[in-house]
$ cat data06.txt   # compact mmCIF, C-alpha atoms and all ligand atoms
# COMPACT_ATOMS: atom_id res chain seq x y z
CA MET A 1 0.00 0.00 0.00
CA ARG A 2 2.74 2.39 1.13
CA LYS A 3 4.88 1.35 -1.79
CA THR A 4 2.03 2.05 -4.20
CA ARG A 5 1.51 5.52 -2.76
CA PHE A 6 5.21 6.25 -3.08
CA ASN A 7 5.15 5.05 -6.69
CA GLY A 8 2.16 7.28 -7.40
CA LEU A 9 3.93 10.29 -5.91
CA GLY A 10 7.07 9.37 -7.81
CA ILE A 11 5.18 9.30 -11.08
CA VAL A 12 3.60 12.67 -10.36
CA LEU A 13 6.99 14.17 -9.48
CA PHE A 14 8.50 12.64 -12.59
CA LEU A 15 5.75 14.17 -14.72
CA VAL A 16 6.19 17.57 -13.04
CA ILE A 17 9.92 17.47 -13.75
CA LEU A 18 9.28 16.35 -17.33
CA THR A 19 6.80 19.19 -17.85
CA PHE A 20 9.27 21.64 -16.37
CA LEU A 21 12.06 20.35 -18.60
CA TRP A 22 9.77 20.48 -21.63
CA ALA A 23 8.76 24.05 -20.81
CA ALA A 24 12.42 25.03 -20.24
CA THR A 25 13.38 23.47 -23.60
CA ALA A 26 10.51 25.22 -25.34
CA VAL A 27 11.56 28.58 -23.89
CA SER A 28 15.16 28.00 -24.78
CA ASP A 29 14.15 26.96 -28.33
CA GLU A 30 12.24 30.19 -28.68
CA LYS A 31 15.20 32.17 -27.39
CA GLN A 32 17.54 30.42 -29.81
CA LEU A 33 15.20 31.14 -32.67
CA LEU A 34 14.93 34.84 -31.82
CA ALA A 35 18.69 35.08 -31.25
CA ALA A 36 19.32 33.57 -34.70
CA ILE A 37 17.14 36.31 -36.21
CA ASP A 38 18.89 39.09 -34.26
CA GLU A 39 22.24 37.69 -35.36
CA ARG A 40 21.36 37.95 -39.04
CA ALA A 41 19.39 41.21 -38.88
CA GLY A 42 22.43 43.32 -39.89
CA SER A 43 23.33 41.29 -42.97
CA CYS A 44 19.67 41.01 -44.03
CA ARG A 45 19.32 44.78 -43.80
CA ALA A 46 22.18 45.07 -46.29
CA VAL A 47 20.35 42.58 -48.56
CA SER A 48 17.21 44.71 -48.30
CA GLN A 49 19.17 47.83 -49.28
CA LYS A 50 20.63 46.04 -52.32
CA ILE A 51 17.20 44.88 -53.50
CA LEU A 52 15.94 48.44 -53.00
CA ASP A 53 18.80 49.75 -55.15
CA TYR A 54 18.34 47.09 -57.85
CA LYS A 55 14.63 48.08 -58.22
CA GLU A 56 14.02 45.32 -60.74
CA LEU A 57 10.62 45.13 -62.40
CA GLY A 58 8.51 41.93 -62.62
CA GLN A 59 10.21 39.03 -64.47
CA GLN A 60 13.45 41.06 -64.48
CA GLU A 61 14.43 40.45 -60.85
CA PHE A 62 17.58 38.51 -61.72
CA LYS A 63 19.97 40.14 -59.27
CA SER A 64 17.48 40.16 -56.39
CA CYS A 65 16.65 36.51 -57.02
CA GLN A 66 20.34 35.44 -57.12
CA LEU A 67 21.09 37.38 -53.95
CA LEU A 68 18.24 35.79 -52.00
CA MET A 69 19.16 32.31 -53.26
CA GLU A 70 22.74 32.85 -52.12
CA GLU A 71 21.60 33.96 -48.65
CA LEU A 72 19.35 30.92 -48.29
CA ARG A 73 22.24 28.61 -49.23
CA LYS A 74 24.23 30.19 -46.40
CA LEU A 75 21.41 29.18 -44.04
CA GLY A 76 21.72 25.55 -45.16
CA PHE A 77 18.81 25.44 -47.62
CA LYS A 78 18.90 23.33 -50.77
CA VAL A 79 18.04 25.94 -53.41
CA GLU A 80 16.81 25.59 -56.99
CA GLY A 81 16.11 28.36 -59.50
CA ASP A 82 14.70 28.37 -63.07
CA LEU A 83 11.45 26.73 -61.96
CA LYS A 84 9.41 24.90 -64.59
CA VAL A 85 5.92 26.32 -65.12
CA PRO A 86 3.21 25.85 -67.77
CA ASP A 87 4.41 27.60 -70.93
CA ASP A 88 1.06 29.22 -71.57
CA LEU A 89 1.60 31.18 -68.34
CA ILE A 90 5.26 32.13 -68.81
CA LYS A 91 6.79 32.05 -72.28
CA GLY A 92 9.36 29.29 -72.54
CA GLY A 93 7.92 27.43 -69.53
CA VAL A 94 10.57 28.61 -67.06
CA ALA A 95 10.14 31.14 -64.25
CA LYS A 96 13.69 32.50 -64.41
CA THR A 97 13.37 34.84 -61.46
CA ALA A 98 11.55 32.44 -59.15
CA PHE A 99 13.19 30.00 -56.76
CA ARG A 100 12.42 27.29 -54.27
CA ALA A 101 14.53 26.52 -51.19
CA GLU A 102 14.06 23.55 -48.91
CA LEU A 103 15.37 22.62 -45.49
CA ALA A 104 14.38 19.19 -44.22
CA GLY A 105 13.97 18.64 -40.52
CA LYS A 106 14.21 15.55 -38.38
CA GLY A 107 11.75 13.02 -39.73
CA PRO A 108 8.26 13.46 -41.13
CA GLY A 109 6.03 16.37 -40.17
CA PRO A 110 4.28 19.40 -41.64
CA THR A 111 5.63 21.44 -44.55
CA ILE A 112 5.52 25.15 -43.77
CA THR A 113 6.18 27.58 -46.61
CA ILE A 114 7.26 31.21 -46.41
CA MET A 115 6.88 33.30 -49.57
CA LEU A 116 9.23 36.09 -50.59
CA GLU A 117 8.41 38.89 -53.05
CA TYR A 118 11.08 41.19 -54.51
CA ASN A 119 9.85 42.97 -57.64
CA ALA A 120 9.77 46.76 -57.86
CA LEU A 121 7.31 49.08 -59.62
CA PRO A 122 8.22 51.70 -62.24
CA ASN A 123 8.62 54.30 -59.44
CA GLY A 124 10.86 51.99 -57.37
CA HIS A 125 10.07 49.89 -54.30
CA SER A 126 6.85 51.73 -53.47
CA CYS A 127 5.22 48.41 -52.47
CA GLY A 128 8.08 47.55 -50.10
CA HIS A 129 8.87 44.14 -51.57
CA ASN A 130 12.52 44.66 -50.62
CA LEU A 131 11.24 44.46 -47.03
CA ILE A 132 8.93 41.48 -47.71
CA SER A 133 11.80 39.41 -49.10
CA THR A 134 14.11 40.22 -46.24
CA SER A 135 11.48 39.75 -43.54
CA GLY A 136 10.91 36.27 -45.05
CA LEU A 137 14.64 35.62 -45.25
CA LEU A 138 15.08 36.63 -41.62
CA ALA A 139 12.06 34.52 -40.62
CA ALA A 140 13.72 31.53 -42.30
CA ALA A 141 16.90 32.07 -40.29
CA GLY A 142 15.04 31.39 -37.02
CA PRO A 143 13.60 27.88 -37.51
CA ALA A 144 16.56 27.00 -39.79
CA LYS A 145 18.74 27.01 -36.68
CA LEU A 146 16.50 24.39 -35.05
CA MET A 147 15.47 22.21 -38.01
CA LYS A 148 17.90 19.40 -37.21
CA ASP A 149 15.77 18.62 -34.12
CA THR A 150 12.42 19.66 -35.60
CA PRO A 151 10.02 17.45 -37.59
CA GLY A 152 8.81 18.40 -41.06
CA ARG A 153 10.37 20.78 -43.53
CA LEU A 154 10.64 24.45 -44.22
CA LEU A 155 10.10 25.73 -47.77
CA ILE A 156 10.90 29.20 -49.02
CA ILE A 157 9.40 30.16 -52.36
CA GLY A 158 10.52 33.26 -54.21
CA THR A 159 7.56 34.61 -56.18
CA PRO A 160 8.43 37.16 -58.91
CA ASP A 161 6.31 39.70 -60.72
CA GLU A 162 3.86 40.23 -57.88
CA ASP A 163 2.56 43.64 -58.76
CA ARG A 164 2.10 43.26 -62.45
CA GLY A 165 1.13 39.64 -61.89
CA SER A 166 -0.34 39.87 -65.35
CA PHE A 167 -0.89 36.79 -67.42
CA ASP A 168 -0.48 34.67 -64.27
CA GLY A 169 3.30 35.17 -64.20
CA GLY A 170 3.53 35.34 -60.40
CA LYS A 171 2.31 32.89 -57.77
CA ILE A 172 -0.30 31.33 -60.06
CA SER A 173 2.33 30.01 -62.47
CA LEU A 174 4.29 28.51 -59.55
CA LEU A 175 1.15 26.99 -58.11
CA GLU A 176 0.27 25.45 -61.47
CA GLY A 177 3.90 24.33 -61.88
CA LYS A 178 3.30 22.31 -58.67
CA HIS A 179 6.00 24.10 -56.68
CA PHE A 180 3.65 24.45 -53.71
CA ASP A 181 2.80 20.74 -53.71
CA GLY A 182 3.01 19.17 -50.27
CA THR A 183 2.69 22.52 -48.50
CA ASP A 184 0.47 22.50 -45.43
CA MET A 185 0.53 26.19 -44.65
CA VAL A 186 1.84 29.32 -46.40
CA LEU A 187 2.97 32.43 -44.55
CA ILE A 188 3.76 35.87 -45.96
CA THR A 189 4.08 39.46 -44.78
CA HIS A 190 3.54 42.81 -46.44
CA PRO A 191 4.50 46.30 -45.27
CA GLY A 192 1.91 49.05 -45.16
CA ASP A 193 0.50 51.85 -43.02
CA VAL A 194 -0.98 49.64 -40.26
CA TRP A 195 -0.20 46.54 -38.21
CA SER A 196 -2.68 43.81 -38.95
CA VAL A 197 -2.88 40.06 -38.72
CA ASP A 198 -6.34 39.75 -40.18
CA LYS A 199 -6.13 42.08 -43.13
CA GLU A 200 -8.23 40.69 -45.90
CA LEU A 201 -6.46 40.97 -49.21
CA LEU A 202 -8.07 40.26 -52.50
CA ALA A 203 -6.70 37.64 -54.84
CA MET A 204 -6.37 39.06 -58.31
CA LYS A 205 -6.86 37.72 -61.80
CA ARG A 206 -6.00 39.72 -64.88
CA ALA A 207 -7.28 39.50 -68.41
CA THR A 208 -6.51 41.34 -71.61
CA PHE A 209 -9.19 41.78 -74.25
CA VAL A 210 -8.13 42.43 -77.82
CA PHE A 211 -10.73 43.92 -80.18
CA LYS A 212 -10.15 43.67 -83.91
CA GLY A 213 -12.04 45.93 -86.33
CA LYS A 214 -11.35 47.43 -89.73
CA ALA A 215 -9.45 50.64 -90.46
CA ALA A 216 -10.95 53.33 -92.70
CA HIS A 217 -10.63 57.06 -93.19
CA ALA A 218 -12.61 58.55 -90.31
CA ALA A 219 -13.89 61.49 -92.37
CA ALA A 220 -13.83 60.36 -96.02
CA ALA A 221 -15.19 56.79 -95.64
CA PRO A 222 -16.19 56.08 -92.03
CA GLU A 223 -18.96 53.70 -93.19
CA GLN A 224 -16.29 51.28 -94.44
CA GLY A 225 -14.64 50.99 -91.04
CA ILE A 226 -15.33 48.81 -88.00
CA ASN A 227 -14.38 50.68 -84.83
CA ALA A 228 -12.45 48.48 -82.39
CA LEU A 229 -12.20 51.30 -79.83
CA ASP A 230 -16.02 51.53 -79.65
CA ALA A 231 -16.12 47.83 -78.79
CA ALA A 232 -13.61 48.40 -75.95
CA ILE A 233 -15.70 51.33 -74.65
CA GLN A 234 -18.88 49.22 -74.79
CA THR A 235 -17.09 46.60 -72.69
CA PHE A 236 -16.25 49.22 -70.06
CA ASN A 237 -19.89 50.35 -70.01
CA GLY A 238 -21.02 46.76 -69.60
CA ILE A 239 -18.69 46.26 -66.65
CA ASN A 240 -19.88 49.51 -65.08
CA ALA A 241 -23.48 48.25 -65.31
CA LEU A 242 -22.40 44.93 -63.76
CA ARG A 243 -20.95 46.65 -60.66
CA GLN A 244 -24.40 47.14 -59.16
CA HIS A 245 -24.81 43.39 -58.92
CA LEU A 246 -21.42 42.44 -57.49
CA ARG A 247 -20.62 41.60 -53.87
CA GLN A 248 -19.08 44.44 -51.88
CA ASP A 249 -15.65 42.81 -51.72
CA VAL A 250 -15.29 42.44 -55.49
CA ARG A 251 -13.24 44.98 -57.43
CA ILE A 252 -12.92 45.21 -61.20
CA HIS A 253 -10.71 47.84 -62.72
CA GLY A 254 -9.21 48.31 -66.13
CA ILE A 255 -7.38 50.49 -68.59
CA ILE A 256 -7.39 50.90 -72.35
CA LYS A 257 -3.89 50.04 -73.50
CA LYS A 258 -4.44 50.57 -77.20
CA GLY A 259 -7.16 52.66 -78.78
CA GLY A 260 -6.04 53.69 -82.23
CA GLU A 261 -3.05 55.31 -83.89
CA ALA A 262 -4.38 58.47 -85.50
CA VAL A 263 -7.48 60.53 -84.95
CA ASN A 264 -8.47 60.45 -88.65
CA VAL A 265 -8.40 56.65 -88.86
CA VAL A 266 -11.17 54.37 -87.55
CA PRO A 267 -9.26 52.28 -84.97
CA ALA A 268 -8.73 48.74 -86.29
CA LEU A 269 -7.29 47.48 -83.02
CA ALA A 270 -8.05 48.18 -79.37
CA GLU A 271 -6.79 46.49 -76.27
CA ALA A 272 -8.16 46.70 -72.72
CA GLU A 273 -6.70 45.12 -69.63
CA PHE A 274 -8.82 44.32 -66.59
CA ALA A 275 -8.08 43.05 -63.11
CA ALA A 276 -10.76 41.40 -60.99
CA ARG A 277 -10.17 40.95 -57.29
CA ALA A 278 -12.17 38.76 -54.92
CA TYR A 279 -11.79 35.75 -52.57
CA PRO A 280 -9.93 37.19 -49.56
CA THR A 281 -6.56 35.79 -48.58
CA VAL A 282 -4.80 36.45 -45.28
CA ASN A 283 -1.42 38.08 -44.69
CA ILE A 284 0.52 39.76 -41.84
CA MET A 285 0.74 43.50 -42.53
CA PHE A 286 3.50 45.39 -40.74
CA LYS A 287 3.46 49.13 -40.25
CA ILE A 288 6.29 51.13 -41.81
CA ALA A 289 4.44 54.32 -42.77
CA PRO A 290 1.98 56.75 -41.11
CA GLU A 291 -1.65 55.80 -41.56
CA GLY A 292 -3.06 56.90 -44.89
CA VAL A 293 0.16 56.59 -46.90
CA ALA A 294 -0.82 54.34 -49.80
CA LEU A 295 1.21 51.50 -51.26
CA HIS A 296 2.51 52.20 -54.78
CA ALA A 297 2.41 55.96 -54.15
CA ASP A 298 5.65 57.96 -54.50
CA GLU A 299 5.23 59.03 -50.89
CA MET A 300 5.65 55.41 -49.75
CA LEU A 301 9.20 55.31 -51.21
CA LYS A 302 10.74 57.10 -48.24
CA TYR A 303 9.34 54.46 -45.84
CA THR A 304 10.55 51.40 -47.71
CA VAL A 305 14.22 52.29 -47.31
CA PRO A 306 15.61 49.91 -44.69
CA GLU A 307 16.55 52.70 -42.21
CA ALA A 308 12.88 53.67 -41.94
CA GLY A 309 11.09 50.34 -42.00
CA TRP A 310 13.66 48.00 -40.51
CA GLN A 311 12.43 47.61 -36.94
CA ALA A 312 8.95 46.62 -38.10
CA THR A 313 10.47 44.27 -40.70
CA VAL A 314 12.40 42.42 -37.97
CA GLN A 315 9.30 42.23 -35.77
CA ALA A 316 7.27 40.77 -38.65
CA ALA A 317 10.06 38.26 -39.30
CA LYS A 318 9.98 37.15 -35.66
CA ALA A 319 6.20 36.70 -35.73
CA VAL A 320 6.45 34.55 -38.87
CA ALA A 321 9.39 32.55 -37.51
CA LEU A 322 7.65 31.78 -34.21
CA THR A 323 4.45 30.83 -36.04
CA ALA A 324 6.31 28.57 -38.49
CA TYR A 325 8.20 26.87 -35.67
CA ASP A 326 5.04 26.42 -33.60
CA LEU A 327 3.26 24.79 -36.56
CA LEU A 328 6.23 22.51 -37.29
CA LYS A 329 6.37 21.36 -33.67
CA ASN A 330 2.59 20.97 -33.31
CA PRO A 331 1.15 19.18 -36.35
CA ALA A 332 -2.17 18.79 -34.51
CA LYS A 333 -2.52 22.58 -34.26
CA GLU A 334 -1.74 22.96 -37.93
CA LYS A 335 -4.39 20.33 -38.83
CA LYS A 336 -6.93 22.12 -36.62
CA ILE A 337 -6.30 25.41 -38.44
CA GLN A 338 -6.67 23.70 -41.81
CA GLU A 339 -9.95 22.13 -40.72
CA LYS A 340 -11.28 25.49 -39.52
CA PHE A 341 -10.24 27.04 -42.85
CA ARG A 342 -12.09 24.31 -44.78
CA GLN A 343 -15.22 24.86 -42.66
CA LEU A 344 -15.11 28.62 -43.26
CA LYS A 345 -14.69 28.09 -46.99
CA ALA A 346 -17.57 25.62 -47.06
CA LYS A 347 -19.73 28.14 -45.18
CA GLU A 348 -18.97 30.73 -47.85
CA GLY A 349 -19.73 28.16 -50.54
CA LYS A 350 -16.15 28.05 -51.90
ZN ZN B 401 2.96 44.45 -52.83
$ encode --input "data06.txt" --output "structure tokens"
Amino acid sequence: MRKTRFNGLGIVLFLVILTFLWAATAVSDEKQLLAAIDERAGSCRAVSQKILDYKELGQQEFKSCQLLMEELRKLGFKVEGDLKVPDDLIKGGVAKTAFRAELAGKGPGPTITIMLEYNALPNGHSCGHNLISTSGLLAAAGPAKLMKDTPGRLLIIGTPDEDRGSFDGGKISLLEGKHFDGTDMVLITHPGDVWSVDKELLAMKRATFVFKGKAAHAAAAPEQGINALDAAIQTFNGINALRQHLRQDVRIHGIIKKGGEAVNVVPALAEAEFAARAYPTVNIMFKIAPEGVALHADEMLKYTVPEAGWQATVQAAKAVALTAYDLLKNPAKEKKIQEKFRQLKAKEGK
């Protein structure tokens, strides 16, 4: 009887010690992860400055892409560039400025992916993608330090051409090229004028409409012409009428890219490009600018230089790193989140 009681107490004590040791290990893991990020913050800031200076447009981000691949190799990742994609999405079937980096952990487990963006706009890095790529790079440095004792794997995917994104050259081409296969969860950050973990962003799809008509002298023989520009304008009017019947979170916007060559010629060719946005996605927004400063505006340029936005970039990296590590260590939590996501989608009929 006495012996049994002692054994019971012994087991309880053993469990208490185990729990304590587990908690101590968890805390020390977290500290190691954050220390790894602090250690690399200086060199990543220099990477961010370089990407800012390169200001490479979509599909032209060769130097930024090479630089990020090199940094990921230093962290122990197996890196591959020139990713194969369907050739109707990117001419030639190769995303030359995309990359995929993988770091396997200890045994099977979840696959957590962090996405990096690095393209600039014509006015420079007014969308802050130099900070997105380096916050992702820094976030990778945290769990990378612990992967040898962590189940699962960490994937980093470099997604080019994110602002133009036209003709599915960005993430869509990589998704269709199966480079996200096996991923359980994808994490990404974006700078902006607020901190937010539940910002609803709209996924975007672009389309170009080409109208072909027949040229004729606009004054001497207009009856012989077929006006392609009129067809483009009718399309805009149709879309404007459609707006009344769209859900509040849907946006459609477009421009006329071609509308004729000379005023005295009936336009034989017109081209309009539209973007439709709907189906919210989720992203961590980190604040680098005062509220109200819009992304893509010239005014945003002074906040995307690393000196201005760096502290927030590091904080965002830490949040992503801790989340990625937590999901890798707790596959049950990750499954629960996926299940909740499926339920929400089903509720919305998606
Ligand atoms: Zn952006």
$ residues_near_point --input "data06.txt" --point "(11.8, 27.0, -64.7)" --cutoff "12 Å" --atoms "all atoms listed in the file" --output "list in words"
Glu80, Gly81, Asp82, Leu83, Lys84, Val85, Pro86, Asp87, Leu89, Ile90, Lys91, Gly92, Gly93, Val94, Ala95, Lys96, Thr97, Ala98, Phe99, Arg100, Gly169, Ser173, Leu174, Gly177, Lys178 and His179 of chain A
$ residues_near_ligand --input "data06.txt" --ligand "ligand ZN 401 (chain B)" --cutoff "10 Å" --atoms "only C-alpha atoms and all ligand atoms" --output "ChimeraX atom specification"
/A:117-121,125-130,132,161-164,189-192,295-296
$ atom_distance --input "data06.txt" --atom1 "CA of Leu155 (chain A)" --atom2 "CA of Ile112 (chain A)"
6.1 Å
$ atom_distance --input "data06.txt" --atom1 "CA of Leu33 (chain A)" --atom2 "CA of Gly142 (chain A)"
4.4 Å
$ closest_residue --input "data06.txt" --among "A:Ile172, A:Ile284, A:Thr183, A:Pro122" --to "Ala297 (chain A)" --atoms "all atoms listed in the file"
A:Pro122
$ atom_distance --input "data06.txt" --atom1 "CA of Gly254 (chain A)" --atom2 "CA of Phe236 (chain A)"
8.1 Å
$ closest_residue --input "data06.txt" --among "A:Ala101, A:Ala231, A:Met185, A:Met285" --to "Lys335 (chain A)" --atoms "only C-alpha atoms"
A:Met185
$ residues_around --input "data06.txt" --residues "Ile252 (chain A)" --least-positions-apart "4" --cutoff "9 Å" --atoms "all atoms listed in the file" --output "list in words"
Ile239, Arg243, Phe274, Ala275, Ala276 and Arg277 of chain A
$ closest_atom_pairs --input "data06.txt" --of "region 189-293 of chain A" --to "region 302-309 of chain A" --cutoff "10 Å" --atoms "all atoms listed in the file" --output "CSV"
residue,atom,partner,partner_atom,distance
A:Pro191,CA,A:Thr304,CA,8.3
A:Gly192,CA,A:Tyr303,CA,9.2
A:Asp193,CA,A:Tyr303,CA,9.6
A:Phe286,CA,A:Gly309,CA,9.1
A:Lys287,CA,A:Gly309,CA,7.9
A:Ile288,CA,A:Gly309,CA,4.9
A:Ala289,CA,A:Tyr303,CA,5.8
A:Pro290,CA,A:Tyr303,CA,9.0
A:Val293,CA,A:Tyr303,CA,9.5
$ residues_around --input "data06.txt" --residues "region 36-43 of chain A" --least-positions-apart "6" --cutoff "9 Å" --atoms "all atoms listed in the file" --output "list in words"
Leu138, Ala139, Ala140, Ala141, Gly142, Pro143, Ala144, Lys145, Val314, Ala317, Lys318 and Ala321 of chain A
$ closest_residue --input "data06.txt" --among "A:Lys171, A:Lys78, A:Lys106, A:Lys340" --to "Thr150 (chain A)" --atoms "all atoms listed in the file"
A:Lys106
$ residues_around --input "data06.txt" --residues "Thr235 (chain A)" --least-positions-apart "4" --cutoff "12 Å" --atoms "all atoms listed in the file" --output "PyMOL selection string"
chain A and resi 208-211+228-231+239-242+253-256+270-274
